[in-house]
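Structure data (PDB, C-alpha atoms and all ligand atoms) from my_file-v6.pdb:
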```pdb
ATOM      1  CA  MET W  35     107.584 172.547  39.825  1.00  0.00           C
ATOM      2  CA  PRO W  36     110.779 172.067  41.798  1.00  0.00           C
ATOM      3  CA  PRO W  37     113.587 171.732  39.250  1.00  0.00           C
ATOM      4  CA  TYR W  38     115.779 169.696  41.604  1.00  0.00           C
ATOM      5  CA  LEU W  39     113.410 166.754  41.337  1.00  0.00           C
ATOM      6  CA  LYS W  40     114.330 166.211  37.724  1.00  0.00           C
ATOM      7  CA  ILE W  41     117.963 165.780  38.587  1.00  0.00           C
ATOM      8  CA  ASN W  42     118.642 162.450  40.145  1.00  0.00           C
ATOM      9  CA  ALA W  43     120.913 162.857  43.119  1.00  0.00           C
ATOM     10  CA  LEU W  44     124.520 161.861  42.780  1.00  0.00           C
ATOM     11  CA  GLY W  45     127.070 160.522  45.223  1.00  0.00           C
ATOM     12  CA  TYR W  46     125.949 160.293  48.808  1.00  0.00           C
ATOM     13  CA  LEU W  47     122.337 161.196  48.098  1.00  0.00           C
ATOM     14  CA  LYS W  48     122.020 158.409  45.530  1.00  0.00           C
ATOM     15  CA  GLN W  49     120.746 156.104  48.270  1.00  0.00           C
ATOM     16  CA  TYR W  50     117.557 158.194  48.454  1.00  0.00           C
ATOM     17  CA  ILE W  51     116.527 157.384  44.902  1.00  0.00           C
ATOM     18  CA  LEU W  52     113.605 154.980  44.687  1.00  0.00           C
ATOM     19  CA  PRO W  53     113.252 152.948  41.525  1.00  0.00           C
ATOM     20  CA  PHE W  54     109.535 152.193  41.308  1.00  0.00           C
ATOM     21  CA  SER W  55     108.743 151.044  37.787  1.00  0.00           C
ATOM     22  CA  GLY W  56     109.555 147.389  38.414  1.00  0.00           C
ATOM     23  CA  LEU W  57     107.610 147.171  41.673  1.00  0.00           C
ATOM     24  CA  SER W  58     104.494 145.059  42.038  1.00  0.00           C
ATOM     25  CA  LEU W  59     101.163 146.707  42.840  1.00  0.00           C
ATOM     26  CA  GLU W  60     101.297 146.430  46.621  1.00  0.00           C
ATOM     27  CA  LYS W  61     102.933 148.012  49.647  1.00  0.00           C
ATOM     28  CA  HIS W  62     106.705 148.082  49.879  1.00  0.00           C
ATOM     29  CA  LEU W  63     108.712 148.952  52.976  1.00  0.00           C
ATOM     30  CA  TYR W  64     111.932 150.940  53.057  1.00  0.00           C
ATOM     31  CA  HIS W  65     114.198 152.210  55.772  1.00  0.00           C
ATOM     32  CA  PHE W  66     116.524 155.187  55.575  1.00  0.00           C
ATOM     33  CA  TYR W  67     118.985 156.535  58.070  1.00  0.00           C
ATOM     34  CA  ILE W  68     119.840 160.221  58.057  1.00  0.00           C
ATOM     35  CA  ASP W  69     122.859 161.721  59.776  1.00  0.00           C
ATOM     36  CA  GLY W  70     124.757 164.998  59.641  1.00  0.00           C
ATOM     37  CA  LYS W  71     126.308 164.169  56.269  1.00  0.00           C
ATOM     38  CA  PHE W  72     122.868 164.353  54.683  1.00  0.00           C
ATOM     39  CA  PHE W  73     122.499 168.005  55.669  1.00  0.00           C
ATOM     40  CA  THR W  74     125.961 169.016  54.529  1.00  0.00           C
ATOM     41  CA  GLU W  75     124.956 167.765  51.078  1.00  0.00           C
ATOM     42  CA  PHE W  76     122.320 170.505  51.101  1.00  0.00           C
ATOM     43  CA  GLU W  77     124.801 173.055  52.469  1.00  0.00           C
ATOM     44  CA  TYR W  78     122.632 173.556  55.493  1.00  0.00           C
ATOM     45  CA  THR W  79     124.871 174.483  58.391  1.00  0.00           C
ATOM     46  CA  GLU W  80     122.395 174.795  61.250  1.00  0.00           C
ATOM     47  CA  ILE W  81     122.232 171.018  61.575  1.00  0.00           C
ATOM     48  CA  GLU W  82     125.667 169.481  61.885  1.00  0.00           C
ATOM     49  CA  GLN W  83     124.705 166.224  63.500  1.00  0.00           C
ATOM     50  CA  ALA W  84     121.560 164.181  63.260  1.00  0.00           C
ATOM     51  CA  SER W  85     120.301 160.710  63.919  1.00  0.00           C
ATOM     52  CA  ILE W  86     117.013 160.077  62.209  1.00  0.00           C
ATOM     53  CA  ASN W  87     115.276 156.916  61.177  1.00  0.00           C
ATOM     54  CA  VAL W  88     112.796 157.064  58.340  1.00  0.00           C
ATOM     55  CA  ASP W  89     110.380 154.234  57.726  1.00  0.00           C
ATOM     56  CA  LEU W  90     108.722 154.550  54.379  1.00  0.00           C
ATOM     57  CA  THR W  91     105.738 152.614  53.131  1.00  0.00           C
ATOM     58  CA  LEU W  92     105.342 152.902  49.400  1.00  0.00           C
ATOM     59  CA  ASP W  93     101.937 151.834  48.179  1.00  0.00           C
ATOM     60  CA  LYS W  94     102.198 151.250  44.470  1.00  0.00           C
ATOM     61  CA  GLN W  95      98.926 151.557  42.642  1.00  0.00           C
ATOM     62  CA  GLU W  96      98.012 151.516  38.971  1.00  0.00           C
ATOM     63  CA  ARG W  97      98.816 155.145  38.188  1.00  0.00           C
ATOM     64  CA  MET W  98      99.831 156.420  41.573  1.00  0.00           C
ATOM     65  CA  LEU W  99     102.357 155.982  44.361  1.00  0.00           C
ATOM     66  CA  VAL W 100     101.407 156.760  47.952  1.00  0.00           C
ATOM     67  CA  LEU W 101     104.430 157.379  50.126  1.00  0.00           C
ATOM     68  CA  ASP W 102     103.940 157.376  53.886  1.00  0.00           C
ATOM     69  CA  PHE W 103     106.949 158.539  55.854  1.00  0.00           C
ATOM     70  CA  ALA W 104     107.446 157.997  59.585  1.00  0.00           C
ATOM     71  CA  ILE W 105     110.317 160.260  60.594  1.00  0.00           C
ATOM     72  CA  LYS W 106     111.780 159.856  64.061  1.00  0.00           C
ATOM     73  CA  GLY W 107     115.022 160.824  65.737  1.00  0.00           C
ATOM     74  CA  SER W 108     117.004 163.832  66.853  1.00  0.00           C
ATOM     75  CA  LEU W 109     118.766 166.828  65.382  1.00  0.00           C
ATOM     76  CA  ASN W 110     121.734 168.336  67.146  1.00  0.00           C
ATOM     77  CA  VAL W 111     121.280 172.099  67.089  1.00  0.00           C
ATOM     78  CA  MET W 112     122.415 175.130  69.051  1.00  0.00           C
ATOM     79  CA  CYS W 113     120.143 176.424  71.801  1.00  0.00           C
ATOM     80  CA  ASP W 114     119.040 180.003  71.118  1.00  0.00           C
ATOM     81  CA  ARG W 115     119.025 180.790  74.841  1.00  0.00           C
ATOM     82  CA  CYS W 116     122.291 179.382  76.269  1.00  0.00           C
ATOM     83  CA  LEU W 117     124.157 178.618  72.991  1.00  0.00           C
ATOM     84  CA  ASP W 118     125.001 175.049  74.036  1.00  0.00           C
ATOM     85  CA  ASN W 119     124.174 172.281  71.590  1.00  0.00           C
ATOM     86  CA  PHE W 120     121.385 169.884  72.351  1.00  0.00           C
ATOM     87  CA  ASP W 121     119.389 167.124  70.693  1.00  0.00           C
ATOM     88  CA  TYR W 122     116.045 168.294  69.391  1.00  0.00           C
ATOM     89  CA  GLU W 123     113.653 165.357  69.162  1.00  0.00           C
ATOM     90  CA  VAL W 124     111.579 164.993  66.025  1.00  0.00           C
ATOM     91  CA  ASN W 125     108.717 162.643  65.335  1.00  0.00           C
ATOM     92  CA  LYS W 126     106.369 163.164  62.433  1.00  0.00           C
ATOM     93  CA  GLN W 127     104.352 161.437  59.755  1.00  0.00           C
ATOM     94  CA  GLU W 128     104.259 162.800  56.229  1.00  0.00           C
ATOM     95  CA  ARG W 129     102.444 161.690  53.109  1.00  0.00           C
ATOM     96  CA  LEU W 130     103.442 162.297  49.514  1.00  0.00           C
ATOM     97  CA  ILE W 131     101.288 161.261  46.601  1.00  0.00           C
ATOM     98  CA  ILE W 132     102.953 160.831  43.246  1.00  0.00           C
ATOM     99  CA  LYS W 133     100.681 160.594  40.227  1.00  0.00           C
ATOM    100  CA  LEU W 134     101.735 159.605  36.758  1.00  0.00           C
ATOM    101  CA  GLY W 135     100.820 162.234  34.198  1.00  0.00           C
ATOM    102  CA  GLU W 136     102.052 164.268  31.279  1.00  0.00           C
ATOM    103  CA  THR W 137     104.714 166.530  32.697  1.00  0.00           C
ATOM    104  CA  TRP W 138     106.359 167.491  35.975  1.00  0.00           C
ATOM    105  CA  GLU W 139     103.922 169.431  38.093  1.00  0.00           C
ATOM    106  CA  GLU W 140     103.521 170.074  41.791  1.00  0.00           C
ATOM    107  CA  GLU W 141      99.784 170.079  42.444  1.00  0.00           C
ATOM    108  CA  ASN W 142     100.403 171.152  46.030  1.00  0.00           C
ATOM    109  CA  ASP W 143     102.864 170.341  48.812  1.00  0.00           C
ATOM    110  CA  ASP W 144     101.592 166.772  49.067  1.00  0.00           C
ATOM    111  CA  ILE W 145     100.828 165.854  45.473  1.00  0.00           C
ATOM    112  CA  LEU W 146     103.409 165.601  42.749  1.00  0.00           C
ATOM    113  CA  ILE W 147     102.755 164.684  39.151  1.00  0.00           C
ATOM    114  CA  ILE W 148     105.592 163.134  37.202  1.00  0.00           C
ATOM    115  CA  PRO W 149     105.790 162.051  33.559  1.00  0.00           C
ATOM    116  CA  GLU W 150     104.906 158.453  32.810  1.00  0.00           C
ATOM    117  CA  SER W 151     108.339 157.959  31.300  1.00  0.00           C
ATOM    118  CA  GLU W 152     109.996 158.342  34.723  1.00  0.00           C
ATOM    119  CA  HIS W 153     110.931 155.144  36.471  1.00  0.00           C
ATOM    120  CA  GLN W 154     112.500 156.406  39.677  1.00  0.00           C
ATOM    121  CA  ILE W 155     112.088 159.260  42.122  1.00  0.00           C
ATOM    122  CA  ASP W 156     114.633 161.095  44.240  1.00  0.00           C
ATOM    123  CA  ILE W 157     113.080 161.648  47.665  1.00  0.00           C
ATOM    124  CA  SER W 158     116.113 163.334  49.288  1.00  0.00           C
ATOM    125  CA  SER W 159     114.809 166.887  48.842  1.00  0.00           C
ATOM    126  CA  TYR W 160     111.432 165.887  50.295  1.00  0.00           C
ATOM    127  CA  LEU W 161     113.091 164.312  53.326  1.00  0.00           C
ATOM    128  CA  TYR W 162     115.238 167.409  53.712  1.00  0.00           C
ATOM    129  CA  GLU W 163     112.219 169.702  53.643  1.00  0.00           C
ATOM    130  CA  TYR W 164     110.169 167.561  56.025  1.00  0.00           C
ATOM    131  CA  ILE W 165     112.972 167.499  58.580  1.00  0.00           C
ATOM    132  CA  VAL W 166     114.078 171.125  58.370  1.00  0.00           C
ATOM    133  CA  LEU W 167     110.479 172.325  58.684  1.00  0.00           C
ATOM    134  CA  MET W 168     110.146 170.424  61.961  1.00  0.00           C
ATOM    135  CA  LEU W 169     112.613 172.778  63.618  1.00  0.00           C
ATOM    136  CA  PRO W 170     110.940 175.648  65.443  1.00  0.00           C
ATOM    137  CA  ILE W 171     112.067 179.221  64.786  1.00  0.00           C
ATOM    138  CA  LYS W 172     113.301 179.516  68.366  1.00  0.00           C
ATOM    139  CA  LYS W 173     115.169 176.389  69.419  1.00  0.00           C
ATOM    140  CA  THR W 174     115.732 176.012  73.143  1.00  0.00           C
ATOM    141  CA  HIS W 175     116.580 173.197  75.546  1.00  0.00           C
ATOM    142  CA  PRO W 176     113.512 171.299  76.706  1.00  0.00           C
ATOM    143  CA  GLU W 177     112.398 171.317  80.326  1.00  0.00           C
ATOM    144  CA  ASP W 178     113.029 168.433  82.708  1.00  0.00           C
ATOM    145  CA  ASN W 179     110.251 166.582  84.547  1.00  0.00           C
ATOM    146  CA  ASN W 180     110.095 169.319  87.182  1.00  0.00           C
ATOM    147  CA  GLY W 181     109.584 172.051  84.628  1.00  0.00           C
ATOM    148  CA  ASN W 182     113.127 173.402  84.947  1.00  0.00           C
ATOM    149  CA  THR W 183     115.033 174.299  81.822  1.00  0.00           C
ATOM    150  CA  LYS W 184     117.898 172.023  80.829  1.00  0.00           C
ATOM    151  CA  CYS W 185     119.883 175.017  79.596  1.00  0.00           C
ATOM    152  CA  ASN W 186     123.477 175.481  80.740  1.00  0.00           C
ATOM    153  CA  PRO W 187     122.941 176.643  84.362  1.00  0.00           C
ATOM    154  CA  GLU W 188     126.021 178.903  84.347  1.00  0.00           C
ATOM    155  CA  ILE W 189     124.812 180.819  81.299  1.00  0.00           C
ATOM    156  CA  ILE W 190     121.247 181.082  82.626  1.00  0.00           C
ATOM    157  CA  LYS W 191     122.552 182.423  85.937  1.00  0.00           C
ATOM    158  CA  ARG W 192     124.529 185.115  84.136  1.00  0.00           C
ATOM    159  CA  LEU W 193     121.614 185.976  81.854  1.00  0.00           C
ATOM    160  CA  ASN W 194     119.383 186.372  84.904  1.00  0.00           C
ATOM    161  CA  GLU W 195     121.945 188.578  86.616  1.00  0.00           C
ATOM    162  CA  LEU W 196     122.179 190.788  83.545  1.00  0.00           C
ATOM    163  CA  SER W 197     118.429 191.161  83.166  1.00  0.00           C
ATOM    164  CA  HIS W 198     118.124 192.082  86.834  1.00  0.00           C
ATOM    165  CA  THR W 199     120.999 194.515  87.198  1.00  0.00           C
ATOM    166  CA  GLU W 200     120.035 196.616  84.216  1.00  0.00           C
ATOM    167  CA  PRO W 201     116.619 197.948  85.350  1.00  0.00           C
ATOM    168  CA  ASP W 202     117.898 198.268  88.933  1.00  0.00           C
ATOM    169  CA  SER W 203     120.793 200.493  87.955  1.00  0.00           C
ATOM    170  CA  ARG W 204     118.457 202.646  85.868  1.00  0.00           C
ATOM    171  CA  TRP W 205     116.199 202.970  88.891  1.00  0.00           C
ATOM    172  CA  ASP W 206     119.163 203.956  91.017  1.00  0.00           C
ATOM    173  CA  SER W 207     120.193 206.724  88.667  1.00  0.00           C
ATOM    174  CA  LEU W 208     116.584 207.953  88.539  1.00  0.00           C
ATOM    175  CA  LYS W 209     116.492 208.052  92.326  1.00  0.00           C
ATOM    176  CA  GLY W 210     119.715 210.014  92.234  1.00  0.00           C
ATOM    177  CA  LEU W 211     118.094 212.600  89.944  1.00  0.00           C
ATOM    178  CA  ILE W 212     115.098 212.950  92.196  1.00  0.00           C
ATOM    179  CA  THR W 213     117.106 213.499  95.371  1.00  0.00           C
ATOM    180  CA  GLU W 214     119.383 215.982  93.597  1.00  0.00           C
ATOM    181  CA  ASN W 215     116.407 218.178  92.755  1.00  0.00           C
TER
HETATM  182 ZN    ZN W 301     119.832 176.100  76.337  1.00  0.00          ZN
END
```

What's the structure tokens form of this structure?
Amino acid sequence: MPPYLKINALGYLKQYILPFSGLSLEKHLYHFYIDGKFFTEFEYTEIEQASINVDLTLDKQERMLVLDFAIKGSLNVMCDRCLDNFDYEVNKQERLIIKLGETWEEENDDILIIPESEHQIDISSYLYEYIVLMLPIKKTHPEDNNGNTKCNPEIIKRLNELSHTEPDSRWDSLKGLITEN
């Protein structure tokens, strides 16, 4: 059970709290916008800027809430190859099922049980996790339509020079050894 879910977010993250108890038994639509400020609230420094739109459909049923998230936008991150920043595009659907039960319990990653006495849910930590997990371990500039990397050409040129000169110079010194003998 994630303890942070019990604490309702304060300040900036307050906008990600969904009061559900008064809702009628039908689908409800929400829209959230996420920018860099959102990530600083979680003290996550790898993402400084972001522009993400989240469309949420909340299907309220008798003893269950089905939350369907459509997450789309971009995260500004540093390229692991050339160290320039670039916009990493994200686009994903996620589903969270919230069941009313006895106590707080996370059945699995997609199913959360909350006590019947609760009347609102803070979805900020779920949004945070969904988005951060979309980032690959190695983040690099995408390729253009011709299959060429969009990395900083100056840096790539220098990286290529370095990777070529090193084995060559080793080969040269080896040749030197051979001719000396
Ligand atoms: Zn790059």

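Residues within 10 Å of Ile86 in chain W, counting all atoms listed in the file and excluding same-chain residues fewer than 3 positions away, are Phe66, Tyr67, Ile68, Asp69, Gly70, Gln83, Asp89, Ile105, Lys106, Gly107, Ser108, Leu109, Glu123, Val124, Asn125 and Ile165 of chain W.
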
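With only C-alpha atoms and all ligand atoms counted, the chains near ligand ZN 301 (chain W) contribute these residues within 8 Å: Met112, Cys113, Asp114, Arg115, Cys116, Leu117, Asp118, Asn119, Phe120, Thr174, His175, Pro176, Thr183, Lys184, Cys185 and Asn186 of chain W.
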
Nearest-residue call for Ile51 in chain W, choices W:Asp156, W:Glu150, W:Glu96, W:Glu141, using all atoms listed in the file: W:Asp156

Write out as a PDB file with C-alpha atoms, in the frame of the given file which residues come within 8 Å of Glu60 in chain W when counting all atoms listed in the file, dropping same-chain ones fewer than 4 positions away.
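Written output follows (result.pdb):
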```pdb
ATOM      1  CA  ASP W  93     101.937 151.834  48.179  1.00  0.00           C
ATOM      2  CA  LYS W  94     102.198 151.250  44.470  1.00  0.00           C
ATOM      3  CA  GLN W  95      98.926 151.557  42.642  1.00  0.00           C
TER       4      GLN W  95
END
```

Range 76-79 of chain W environment, 12 Å, only C-alpha atoms, sequence neighbours closer than 2 positions dropped, as a PyMOL selection string: chain W and resi 38+43+46-47+70-74+81-84+110-112+158-163+165-166

Output C-alpha atoms for every residue in the selection just made, as a PDB file, keeping the file's coordinate frame.
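File result_19.pdb, as written:
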```pdb
ATOM      1  CA  TYR W  38     115.779 169.696  41.604  1.00  0.00           C
ATOM      2  CA  ALA W  43     120.913 162.857  43.119  1.00  0.00           C
ATOM      3  CA  TYR W  46     125.949 160.293  48.808  1.00  0.00           C
ATOM      4  CA  LEU W  47     122.337 161.196  48.098  1.00  0.00           C
ATOM      5  CA  GLY W  70     124.757 164.998  59.641  1.00  0.00           C
ATOM      6  CA  LYS W  71     126.308 164.169  56.269  1.00  0.00           C
ATOM      7  CA  PHE W  72     122.868 164.353  54.683  1.00  0.00           C
ATOM      8  CA  PHE W  73     122.499 168.005  55.669  1.00  0.00           C
ATOM      9  CA  THR W  74     125.961 169.016  54.529  1.00  0.00           C
ATOM     10  CA  ILE W  81     122.232 171.018  61.575  1.00  0.00           C
ATOM     11  CA  GLU W  82     125.667 169.481  61.885  1.00  0.00           C
ATOM     12  CA  GLN W  83     124.705 166.224  63.500  1.00  0.00           C
ATOM     13  CA  ALA W  84     121.560 164.181  63.260  1.00  0.00           C
ATOM     14  CA  ASN W 110     121.734 168.336  67.146  1.00  0.00           C
ATOM     15  CA  VAL W 111     121.280 172.099  67.089  1.00  0.00           C
ATOM     16  CA  MET W 112     122.415 175.130  69.051  1.00  0.00           C
ATOM     17  CA  SER W 158     116.113 163.334  49.288  1.00  0.00           C
ATOM     18  CA  SER W 159     114.809 166.887  48.842  1.00  0.00           C
ATOM     19  CA  TYR W 160     111.432 165.887  50.295  1.00  0.00           C
ATOM     20  CA  LEU W 161     113.091 164.312  53.326  1.00  0.00           C
ATOM     21  CA  TYR W 162     115.238 167.409  53.712  1.00  0.00           C
ATOM     22  CA  GLU W 163     112.219 169.702  53.643  1.00  0.00           C
ATOM     23  CA  ILE W 165     112.972 167.499  58.580  1.00  0.00           C
ATOM     24  CA  VAL W 166     114.078 171.125  58.370  1.00  0.00           C
TER      25      VAL W 166
END
```

Around the point (108.8, 159.8, 56.7) in the file's coordinates, collect all residues with an atom within 8 Å, using only C-alpha atoms, and return them as a short mmCIF file (atom, residue, chain, number, x, y, z; two decimals) with C-alpha atoms, in the frame of the given file.
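What ended up in result.cif:
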```
data_model
loop_
_atom_site.label_atom_id
_atom_site.label_comp_id
_atom_site.auth_asym_id
_atom_site.auth_seq_id
_atom_site.Cartn_x
_atom_site.Cartn_y
_atom_site.Cartn_z
CA VAL W 88 112.80 157.06 58.34
CA ASP W 89 110.38 154.23 57.73
CA LEU W 90 108.72 154.55 54.38
CA ASP W 102 103.94 157.38 53.89
CA PHE W 103 106.95 158.54 55.85
CA ALA W 104 107.45 158.00 59.58
CA ILE W 105 110.32 160.26 60.59
CA LYS W 106 111.78 159.86 64.06
CA LYS W 126 106.37 163.16 62.43
CA GLN W 127 104.35 161.44 59.76
CA GLU W 128 104.26 162.80 56.23
CA ARG W 129 102.44 161.69 53.11
CA LEU W 161 113.09 164.31 53.33
CA TYR W 164 110.17 167.56 56.02
#
```

Run through the PyMOL selection byres (((chain W and resi 130) around 8) and not hetatm) on the given coordinates and return the selected residues as a PyMOL selection string. chain W and resi 100-102+128-129+131-132+144-146

Please report the interatomic distance between CA of Glu139 in chain W and CA of Gln49 in chain W in Å with one decimal. 23.8 Å

Given the file shown, determine the residues that the PyMOL selection byres (((chain W and resi 63) around 8) and not hetatm) selects; report them as a PyMOL selection string. chain W and resi 61-62+64-65+89-92

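CA of Leu52 in chain W is positioned 26.0 Å from CA of Leu169 in chain W.
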